[in-house]
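Enquirer: The following block contains the structure, expressed as structure tokens.
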Amino acid sequence: MALTRDDVEKVSLLARLQLTDDELNSMTEHLSQIIQYVHQLDEINTDDVAPLAHTLDITNVLADDVVADCLSREAALQNAPQRDEECFRVPAVL
Amino acid sequence: MSSPETQPMGGTPYAVVVGLEVHVQLKTNTKLFCRCPTTFGQPPNTQTCPVCLGLPGSLPVMNRHAFELSMKTALALNCTIPYFTKWDRKNYFYPDLPKGYQTSQFDLPMSEHGHLNIFSENDEFADKQIRILRAHLEEDAGKSMHDEAAGVADSRIDLNRTGTPLLEIVSEPDMRSAAEAKAYLQELRLILLYLGVSDCNMQEGSLRCDANVNLHIDTPAGTIATPIVEIKNMNSFRAVQRGIEFEVGRQYTLWQKDKQVLGDMPKQTRGWDEGAQVTRAQREKEESSDYRYFPCPDLVPVVVTDEEIQAMQQQIGTLPASLRKQLLDDHQLTAHTSAVIVNQGLGFADYFLALATAIDDSRLAGNWMQGEVLRILNEQEQTIQQFKLSAAELGELLKFIQSGDLDNSKAKDVFAVMIESGQSAADVMAELGIEKVDSSQLEELCQRLVDNNPKIVADVQSGNPKAVGALIGQARKENSNVDPGQVRQICLALIEKL
């Protein structure tokens with residue numbers, strides 16, 4: 001199943017990326033190549049292979065419910081493109 | 001089970017179909033994947049770290065306690081706990097979600113296939129079981145606030161709440177009315193409170209409820225289903241009931257006009273407007289596949305053993321349904337009294353049980369709990385844990401009623417002083433000069449009153465038993481300690497014998 005330009009347009013909208021026509025075309029080509037590459041896996045017979053939820057063979061990494069230090073507000077906000085005294089500022093959310 | 005149907009005036013009969021998605025903030029000290037505190041109402045952006053800000057290179061670590069509370073809740077809701085569970089990324093773009101995805105659970109939730117039973121106190125519907133599809137553990141998003149300041153069209157983002165553990169409990173579409181939906185939510189909340197896993201404060205958002213609503217309408221061509229609408233922003237039980245009721249009416253009217261059925265349009269999200277008491281259209285819901293779920297590579301799965309499940313089962317403790325049964329069957333309370341006691345929470349119920357045991361009279365204990373005790377708690381805005389009297393101390397007072405030393409109204413006076421001063425019942429009675437009038441003294445007094453008031457006696461004899469009230473008044477004037485009920489009884493008996 002080939003990736004279409006419409007697919008890329010839809011995904012870019014979901015990610016709130018505004019792509020030019022040229023970018024959409026090249027993205028479609030590049031993403032198609034990536035997907036084709038992954039499709040090589042289809043050639044392997046996986047009938048007897050159990051689904052894998054995680055590549056690491058470990059489970060139950062859990063931490064105790066004990067409070068640790070937070071960042072200061074100043075540190076938390078320091079990389080924000082737009083901010084005020086207390087908050088991140090973003091274009092209006094409706 | 002057949003669905004109760006509504007027959008609109010001159011219209012087509014239909015059944016209401018409701019399923020609820022309830023999000024519960026779990027009572028942990030720290031967030032789900034980092035150790036920032038979860039305290040409500042702190043100054044904006046003072047409870048964050050690289051993990052909950054979604055900074056590159058940060059790694060989440062699952063909160064053990066959050067998982068345990070989820071498991072406890074799921075077991076109390078009769079869910080099965082799969083041995084293997086994992087977390088997935090639910091991708092969507094929103095400014096209060098700094099990572100660009102919510103860490104949630106998709107195809108292997110930590111619990112599934114449970115149920116809870118609902119009932120109606122005023123017989124609005126028959127007792128029924130509501131199935132629970134699944135309960136899964138996920139993280140909360142931050143908060144966005146629209147800045148109304150003149151000309152500024154920005155939103156402000158506070159990420160304190162980001163990453164707070166949420167248990168999402170999804171019911172099957174088993175409810176057939178707004179009243180059933182409200183009862184489900186109330187029973188669920190009560191269970192969560194008994195378990196102690198959440199504060200369940202709808203105003204603060206630690207319990208949130210979305211409702212999926214549509215109608216099944218009988219038409220000549222068969223039953224059709226209207227498009228499903230998800231209602232959000234219902235911040236109280238009343239809002240849940242009103243929101244669903246409104247949506248039922250709206251969908252029926254709309255269907256009469258446009259005849260749209262399920263599948264004709266994507267699922268719609270509507271917000272409940274409390275001020276206007278209507279639902280309003282929100283964004284079109286993205287199809288499930290648009291969330292592009294995939295397993296979170298940063299979190300390893302959790303495996304649960306039979307032993308762990310059994311150990312957690314032991315920790316569940318008393319639940320509302322079993323307590324209700326105990327109060328009805330073992331304590332012979334009325335349905336109303338037991339409901340009042342159970343709805344006040346586990347602490348209140350424990351107090352009742354201690355009081356009933358202390359005085360060996362469940363009925364008397366129940367009446368006092370739902371009457372005087374509850375009245376004082378409401379007046380003083382206290383919980384039973386803050387109540388001034390222990391069950392033993394209150395029991396001492398009620399024993400004076402049992403022994404006949406106090407009638408109920410005098411006991412209330414003594415109770416009021418006990419609350420005020422913290423003194424024991426015996427001390428208050430001594431101070432107020434209340435003492436039992438012994439029965440020979442009382443007989444003598446009544447005899448004297450009957451002898452001295454032939455007019456009243458004649459009145460009673462001529463078929464007006466209420467006239468005896470005048471004798472009671474005289475008796476109380478002579479001795480304020482007499483029990484009016486006893487005086488009435490003795491005087492009427494004496495007059496009878498004349």
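Every chain in the structure tokens has a letter given in the order shown (A, B, ...), and although residue numbers restart at 1 in each chain, ligands are simply numbered from 1 in the order shown.
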If you take only C-alpha atoms and a cut-off of 12 Å, which residues of chain A touch chain B, and what are their nearest atom pairs and distances in Å to one decimal, in chain and number order, as a Markdown table?
Expert:
| residue | atom | partner | partner_atom | distance |
| --- | --- | --- | --- | --- |
| A:Asp7 | CA | B:Asp290 | CA | 11.2 |
| A:Lys10 | CA | B:Asp290 | CA | 9.2 |
| A:Val11 | CA | B:Asp290 | CA | 8.4 |
| A:Ser12 | CA | B:Phe93 | CA | 10.9 |
| A:Leu13 | CA | B:Phe93 | CA | 9.6 |
| A:Leu14 | CA | B:Tyr92 | CA | 6.8 |
| A:Ala15 | CA | B:Phe93 | CA | 6.0 |
| A:Arg16 | CA | B:Phe93 | CA | 7.0 |
| A:Leu17 | CA | B:Phe93 | CA | 10.3 |
| A:Pro51 | CA | B:Pro295 | CA | 11.7 |
| A:Leu52 | CA | B:Pro295 | CA | 9.7 |
| A:Ala53 | CA | B:Pro295 | CA | 6.6 |
| A:His54 | CA | B:Val300 | CA | 6.5 |
| A:Thr55 | CA | B:Pro297 | CA | 7.9 |
| A:Leu56 | CA | B:Val300 | CA | 7.4 |
| A:Asp57 | CA | B:Val300 | CA | 8.5 |
| A:Ile58 | CA | B:Val300 | CA | 6.6 |
| A:Thr59 | CA | B:Pro301 | CA | 5.1 |
| A:Asn60 | CA | B:Val302 | CA | 4.6 |
| A:Val61 | CA | B:Met62 | CA | 6.7 |
| A:Leu62 | CA | B:Met62 | CA | 4.9 |
| A:Ala63 | CA | B:Asn63 | CA | 5.2 |
| A:Asp64 | CA | B:Arg64 | CA | 5.8 |
| A:Asp65 | CA | B:Thr30 | CA | 5.7 |
| A:Val66 | CA | B:Arg35 | CA | 6.4 |
| A:Val67 | CA | B:Arg35 | CA | 5.0 |
| A:Ala68 | CA | B:Arg35 | CA | 5.3 |
| A:Asp69 | CA | B:Cys36 | CA | 6.9 |
| A:Cys70 | CA | B:Cys49 | CA | 5.3 |
| A:Leu71 | CA | B:Cys49 | CA | 5.2 |
| A:Ser72 | CA | B:Thr46 | CA | 6.2 |
| A:Arg73 | CA | B:Thr46 | CA | 5.1 |
| A:Glu74 | CA | B:Thr46 | CA | 8.9 |
| A:Ala75 | CA | B:Cys49 | CA | 9.2 |
| A:Ala76 | CA | B:Thr48 | CA | 7.0 |
| A:Leu77 | CA | B:Asn45 | CA | 8.0 |
| A:Gln78 | CA | B:Asn45 | CA | 11.6 |
| A:Asn79 | CA | B:Leu55 | CA | 10.3 |
| A:Ala80 | CA | B:Ile157 | CA | 10.9 |
| A:Gln82 | CA | B:Arg156 | CA | 9.8 |
| A:Arg83 | CA | B:Arg156 | CA | 8.1 |
| A:Asp84 | CA | B:Arg156 | CA | 8.5 |
| A:Glu85 | CA | B:Pro44 | CA | 9.6 |
| A:Glu86 | CA | B:Pro44 | CA | 5.9 |
| A:Cys87 | CA | B:Ile157 | CA | 5.4 |
| A:Phe88 | CA | B:Ile157 | CA | 5.0 |
| A:Arg89 | CA | B:Arg156 | CA | 4.7 |
| A:Val90 | CA | B:Ser155 | CA | 5.3 |
| A:Pro91 | CA | B:Asp154 | CA | 4.9 |
| A:Ala92 | CA | B:Asp154 | CA | 4.5 |
| A:Val93 | CA | B:Ser155 | CA | 5.9 |
| A:Leu94 | CA | B:His146 | CA | 7.9 |
Enquirer: Would you mind listing what lies within 7 Å of B:Ala135 as a PDB file with N, CA, C and O atoms, in the first residue's frame, with only C-alpha atoms counted and same-chain residues fewer than 5 positions away left out?
Expert:
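Writing done, so here's part34.pdb:
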ATOM      1  N   ALA B  74      -9.896  -1.429  40.232  1.00  0.00           N
ATOM      2  CA  ALA B  74     -10.376  -2.356  39.212  1.00  0.00           C
ATOM      3  C   ALA B  74     -10.957  -3.615  39.856  1.00  0.00           C
ATOM      4  O   ALA B  74     -12.013  -4.108  39.448  1.00  0.00           O
ATOM      5  N   PRO B 109      -5.176  -2.893  28.234  1.00  0.00           N
ATOM      6  CA  PRO B 109      -5.392  -2.108  29.453  1.00  0.00           C
ATOM      7  C   PRO B 109      -5.110  -2.933  30.712  1.00  0.00           C
ATOM      8  O   PRO B 109      -5.100  -4.171  30.643  1.00  0.00           O
ATOM      9  N   MET B 110      -4.878  -2.249  31.830  1.00  0.00           N
ATOM     10  CA  MET B 110      -4.525  -2.982  33.053  1.00  0.00           C
ATOM     11  C   MET B 110      -5.735  -3.690  33.684  1.00  0.00           C
ATOM     12  O   MET B 110      -5.553  -4.503  34.595  1.00  0.00           O
ATOM     13  N   SER B 111      -6.955  -3.413  33.215  1.00  0.00           N
ATOM     14  CA  SER B 111      -8.111  -4.154  33.734  1.00  0.00           C
ATOM     15  C   SER B 111      -9.268  -4.069  32.749  1.00  0.00           C
ATOM     16  O   SER B 111      -9.351  -3.122  31.970  1.00  0.00           O
ATOM     17  N   GLU B 112     -10.159  -5.069  32.806  1.00  0.00           N
ATOM     18  CA  GLU B 112     -11.303  -5.073  31.884  1.00  0.00           C
ATOM     19  C   GLU B 112     -12.439  -5.948  32.401  1.00  0.00           C
ATOM     20  O   GLU B 112     -12.262  -6.733  33.326  1.00  0.00           O
ATOM     21  N   LEU B 167      -7.238   7.350  36.339  1.00  0.00           N
ATOM     22  CA  LEU B 167      -7.811   6.070  35.958  1.00  0.00           C
ATOM     23  C   LEU B 167      -9.046   6.374  35.120  1.00  0.00           C
ATOM     24  O   LEU B 167      -9.947   7.074  35.583  1.00  0.00           O
ATOM     25  N   GLU B 168      -9.060   5.905  33.881  1.00  0.00           N
ATOM     26  CA  GLU B 168     -10.243   6.107  33.039  1.00  0.00           C
ATOM     27  C   GLU B 168     -11.094   4.864  33.099  1.00  0.00           C
ATOM     28  O   GLU B 168     -10.655   3.772  32.714  1.00  0.00           O
ATOM     29  N   ILE B 169     -12.307   5.021  33.591  1.00  0.00           N
ATOM     30  CA  ILE B 169     -13.220   3.888  33.763  1.00  0.00           C
ATOM     31  C   ILE B 169     -14.326   4.013  32.714  1.00  0.00           C
ATOM     32  O   ILE B 169     -15.092   4.975  32.725  1.00  0.00           O
ATOM     33  N   VAL B 170     -14.379   3.050  31.813  1.00  0.00           N
ATOM     34  CA  VAL B 170     -15.292   3.128  30.677  1.00  0.00           C
ATOM     35  C   VAL B 170     -16.412   2.108  30.859  1.00  0.00           C
ATOM     36  O   VAL B 170     -16.151   0.909  30.960  1.00  0.00           O
TER      37      VAL B 170
END
Enquirer: Among stretch 25-88 of chain A, which ones does DSSP assign to alpha helix (DSSP H) (computed from the backbone)? Answer as a list in words.
Expert: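 DSSP on the backbone gives alpha helix (DSSP H) at Asn25, Ser26, Met27, Thr28, Glu29, His30, Leu31, Ser32, Gln33, Ile34, Ile35, Gln36, Tyr37, Val38, His39, Arg73, Glu74, Ala75, Ala76 and Leu77 of chain A.
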Enquirer: Hey, what's within 12 Å of A:Thr4 if we count only C-alpha atoms and toss same-chain stuff fewer than 2 positions away? As a short mmCIF file (atom, residue, chain, number, x, y, z; two decimals) with C-alpha atoms, in the first residue's frame, please?
Expert:
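Result file is out30.cif:
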data_model
loop_
_atom_site.label_atom_id
_atom_site.label_comp_id
_atom_site.auth_asym_id
_atom_site.auth_seq_id
_atom_site.Cartn_x
_atom_site.Cartn_y
_atom_site.Cartn_z
CA MET A 1 0.00 0.00 0.00
CA ALA A 2 1.70 3.15 -1.22
CA ASP A 6 -3.22 13.04 0.72
CA ASP A 7 -1.97 10.83 3.54
CA VAL A 8 0.95 13.14 4.12
CA GLU A 9 -1.29 16.16 4.05
CA LYS A 10 -3.56 14.59 6.63
CA VAL A 11 -0.69 13.64 8.93
CA LEU A 24 4.51 17.91 0.60
CA ASN A 25 5.88 16.33 -2.56
CA SER A 26 9.30 15.61 -1.15
CA MET A 27 7.84 14.39 2.16
CA THR A 28 5.59 11.98 0.30
CA GLU A 29 8.61 10.59 -1.51
CA HIS A 30 10.80 10.32 1.59
CA LEU A 31 8.11 8.84 3.82
CA SER A 32 7.23 6.33 1.10
CA GLN A 33 10.83 5.19 1.01
CA ILE A 35 7.69 2.73 4.71
#
Enquirer: So which residues touch B:Leu492 within 10 Å, counting only C-alpha atoms, skipping near sequence neighbours fewer than 3 positions away, as a PyMOL selection string?
Expert: chain B and resi 446+450+457+460-461+465+468+486-489+495-497
Enquirer: What does the file look like for those residues with N, CA and C atoms, as a PDB file, in the first residue's frame?
Expert:
ATOM      1  N   CYS B 446     -49.973  11.721  88.657  1.00  0.00           N
ATOM      2  CA  CYS B 446     -51.030  11.594  87.660  1.00  0.00           C
ATOM      3  C   CYS B 446     -52.396  11.419  88.344  1.00  0.00           C
ATOM      4  N   VAL B 450     -55.677  13.797  87.860  1.00  0.00           N
ATOM      5  CA  VAL B 450     -56.968  13.275  87.401  1.00  0.00           C
ATOM      6  C   VAL B 450     -58.055  13.651  88.421  1.00  0.00           C
ATOM      7  N   VAL B 457     -61.144  15.533  82.644  1.00  0.00           N
ATOM      8  CA  VAL B 457     -61.428  14.099  82.609  1.00  0.00           C
ATOM      9  C   VAL B 457     -62.716  13.840  81.834  1.00  0.00           C
ATOM     10  N   VAL B 460     -62.156  14.158  78.150  1.00  0.00           N
ATOM     11  CA  VAL B 460     -61.498  12.980  77.579  1.00  0.00           C
ATOM     12  C   VAL B 460     -62.506  11.849  77.439  1.00  0.00           C
ATOM     13  N   GLN B 461     -63.321  11.689  78.479  1.00  0.00           N
ATOM     14  CA  GLN B 461     -64.290  10.596  78.477  1.00  0.00           C
ATOM     15  C   GLN B 461     -65.322  10.754  77.366  1.00  0.00           C
ATOM     16  N   PRO B 465     -59.571  12.589  73.364  1.00  0.00           N
ATOM     17  CA  PRO B 465     -58.345  12.196  74.067  1.00  0.00           C
ATOM     18  C   PRO B 465     -57.293  13.301  74.071  1.00  0.00           C
ATOM     19  N   VAL B 468     -56.234  15.518  77.171  1.00  0.00           N
ATOM     20  CA  VAL B 468     -55.290  15.081  78.192  1.00  0.00           C
ATOM     21  C   VAL B 468     -54.011  15.936  78.164  1.00  0.00           C
ATOM     22  N   GLN B 486     -45.088   9.313  79.010  1.00  0.00           N
ATOM     23  CA  GLN B 486     -45.515   8.451  80.120  1.00  0.00           C
ATOM     24  C   GLN B 486     -46.718   9.044  80.838  1.00  0.00           C
ATOM     25  N   VAL B 487     -46.698  10.376  81.037  1.00  0.00           N
ATOM     26  CA  VAL B 487     -47.813  11.037  81.725  1.00  0.00           C
ATOM     27  C   VAL B 487     -49.112  10.802  80.954  1.00  0.00           C
ATOM     28  N   ARG B 488     -49.013  10.966  79.617  1.00  0.00           N
ATOM     29  CA  ARG B 488     -50.190  10.756  78.783  1.00  0.00           C
ATOM     30  C   ARG B 488     -50.752   9.349  78.994  1.00  0.00           C
ATOM     31  N   GLN B 489     -49.820   8.383  78.938  1.00  0.00           N
ATOM     32  CA  GLN B 489     -50.230   6.981  79.028  1.00  0.00           C
ATOM     33  C   GLN B 489     -50.902   6.673  80.366  1.00  0.00           C
ATOM     34  N   ILE B 495     -58.040   7.389  83.651  1.00  0.00           N
ATOM     35  CA  ILE B 495     -59.372   7.870  83.263  1.00  0.00           C
ATOM     36  C   ILE B 495     -60.224   6.699  82.762  1.00  0.00           C
ATOM     37  N   GLU B 496     -59.581   5.832  82.039  1.00  0.00           N
ATOM     38  CA  GLU B 496     -60.248   4.629  81.521  1.00  0.00           C
ATOM     39  C   GLU B 496     -60.881   3.836  82.649  1.00  0.00           C
ATOM     40  N   LYS B 497     -60.124   3.734  83.768  1.00  0.00           N
ATOM     41  CA  LYS B 497     -60.563   2.908  84.899  1.00  0.00           C
ATOM     42  C   LYS B 497     -61.692   3.554  85.699  1.00  0.00           C
TER      43      LYS B 497
END
Enquirer: Enumerate, as a VMD selection string, the complete set of residues in chain A that a backbone-based DSSP assignment places in strand (DSSP E).
Expert: chain A and resid 62 to 63 88 to 91
Enquirer: Would you mind listing what lies within 9 Å of stretch 5-14 of chain B as a list of chain:residue names, with only C-alpha atoms counted and same-chain residues fewer than 5 positions away left out?
Expert: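 What passes the distance filter is B:Arg176, B:Leu215, B:His216, B:Ile217, B:Asp218, B:Thr219, B:Thr223, B:Tyr252.
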Enquirer: Keeping only N, CA and C atoms, take the residues you just selected and write them out as a PDB file, in the first residue's frame.
Expert:
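Written file, out_39.pdb:
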ATOM      1  N   ARG B 176     -30.066   3.367  30.475  1.00  0.00           N
ATOM      2  CA  ARG B 176     -31.216   3.648  29.614  1.00  0.00           C
ATOM      3  C   ARG B 176     -31.940   4.937  29.977  1.00  0.00           C
ATOM      4  N   LEU B 215     -29.929   7.572  20.663  1.00  0.00           N
ATOM      5  CA  LEU B 215     -31.273   7.026  20.807  1.00  0.00           C
ATOM      6  C   LEU B 215     -31.449   5.848  19.866  1.00  0.00           C
ATOM      7  N   HIS B 216     -32.205   4.867  20.315  1.00  0.00           N
ATOM      8  CA  HIS B 216     -32.643   3.793  19.424  1.00  0.00           C
ATOM      9  C   HIS B 216     -34.134   4.023  19.168  1.00  0.00           C
ATOM     10  N   ILE B 217     -34.446   4.363  17.939  1.00  0.00           N
ATOM     11  CA  ILE B 217     -35.818   4.764  17.609  1.00  0.00           C
ATOM     12  C   ILE B 217     -36.498   3.674  16.781  1.00  0.00           C
ATOM     13  N   ASP B 218     -37.719   3.320  17.220  1.00  0.00           N
ATOM     14  CA  ASP B 218     -38.514   2.330  16.468  1.00  0.00           C
ATOM     15  C   ASP B 218     -39.122   2.995  15.238  1.00  0.00           C
ATOM     16  N   THR B 219     -38.800   2.511  14.066  1.00  0.00           N
ATOM     17  CA  THR B 219     -39.444   3.033  12.857  1.00  0.00           C
ATOM     18  C   THR B 219     -40.072   1.855  12.133  1.00  0.00           C
ATOM     19  N   THR B 223     -35.492  -0.715  13.913  1.00  0.00           N
ATOM     20  CA  THR B 223     -34.914   0.215  14.877  1.00  0.00           C
ATOM     21  C   THR B 223     -33.695   0.902  14.266  1.00  0.00           C
ATOM     22  N   TYR B 252     -33.713  13.743  19.467  1.00  0.00           N
ATOM     23  CA  TYR B 252     -34.995  13.287  18.943  1.00  0.00           C
ATOM     24  C   TYR B 252     -35.577  14.318  17.962  1.00  0.00           C
TER      25      TYR B 252
END
Enquirer: What lies within 10 Å of stretch 374-389 of chain B using only C-alpha atoms, ignoring chain neighbours under 5 positions off, as a ChimeraX atom specification?
Expert: /B:340-341,344-351,368-369,394-395,415-416,418-424
Enquirer: Would you work out the distance separating atom CA of A:Glu43 from atom CA of A:Leu3, expressed in Å to one decimal?
Expert: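 That distance, rounded to one decimal, is 19.1 Å.
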Enquirer: Do you have the atom CA of B:Gly469-atom CA of B:Gln441 distance handy?
Expert: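 Computing it gives 19.4 Å between the two atoms.
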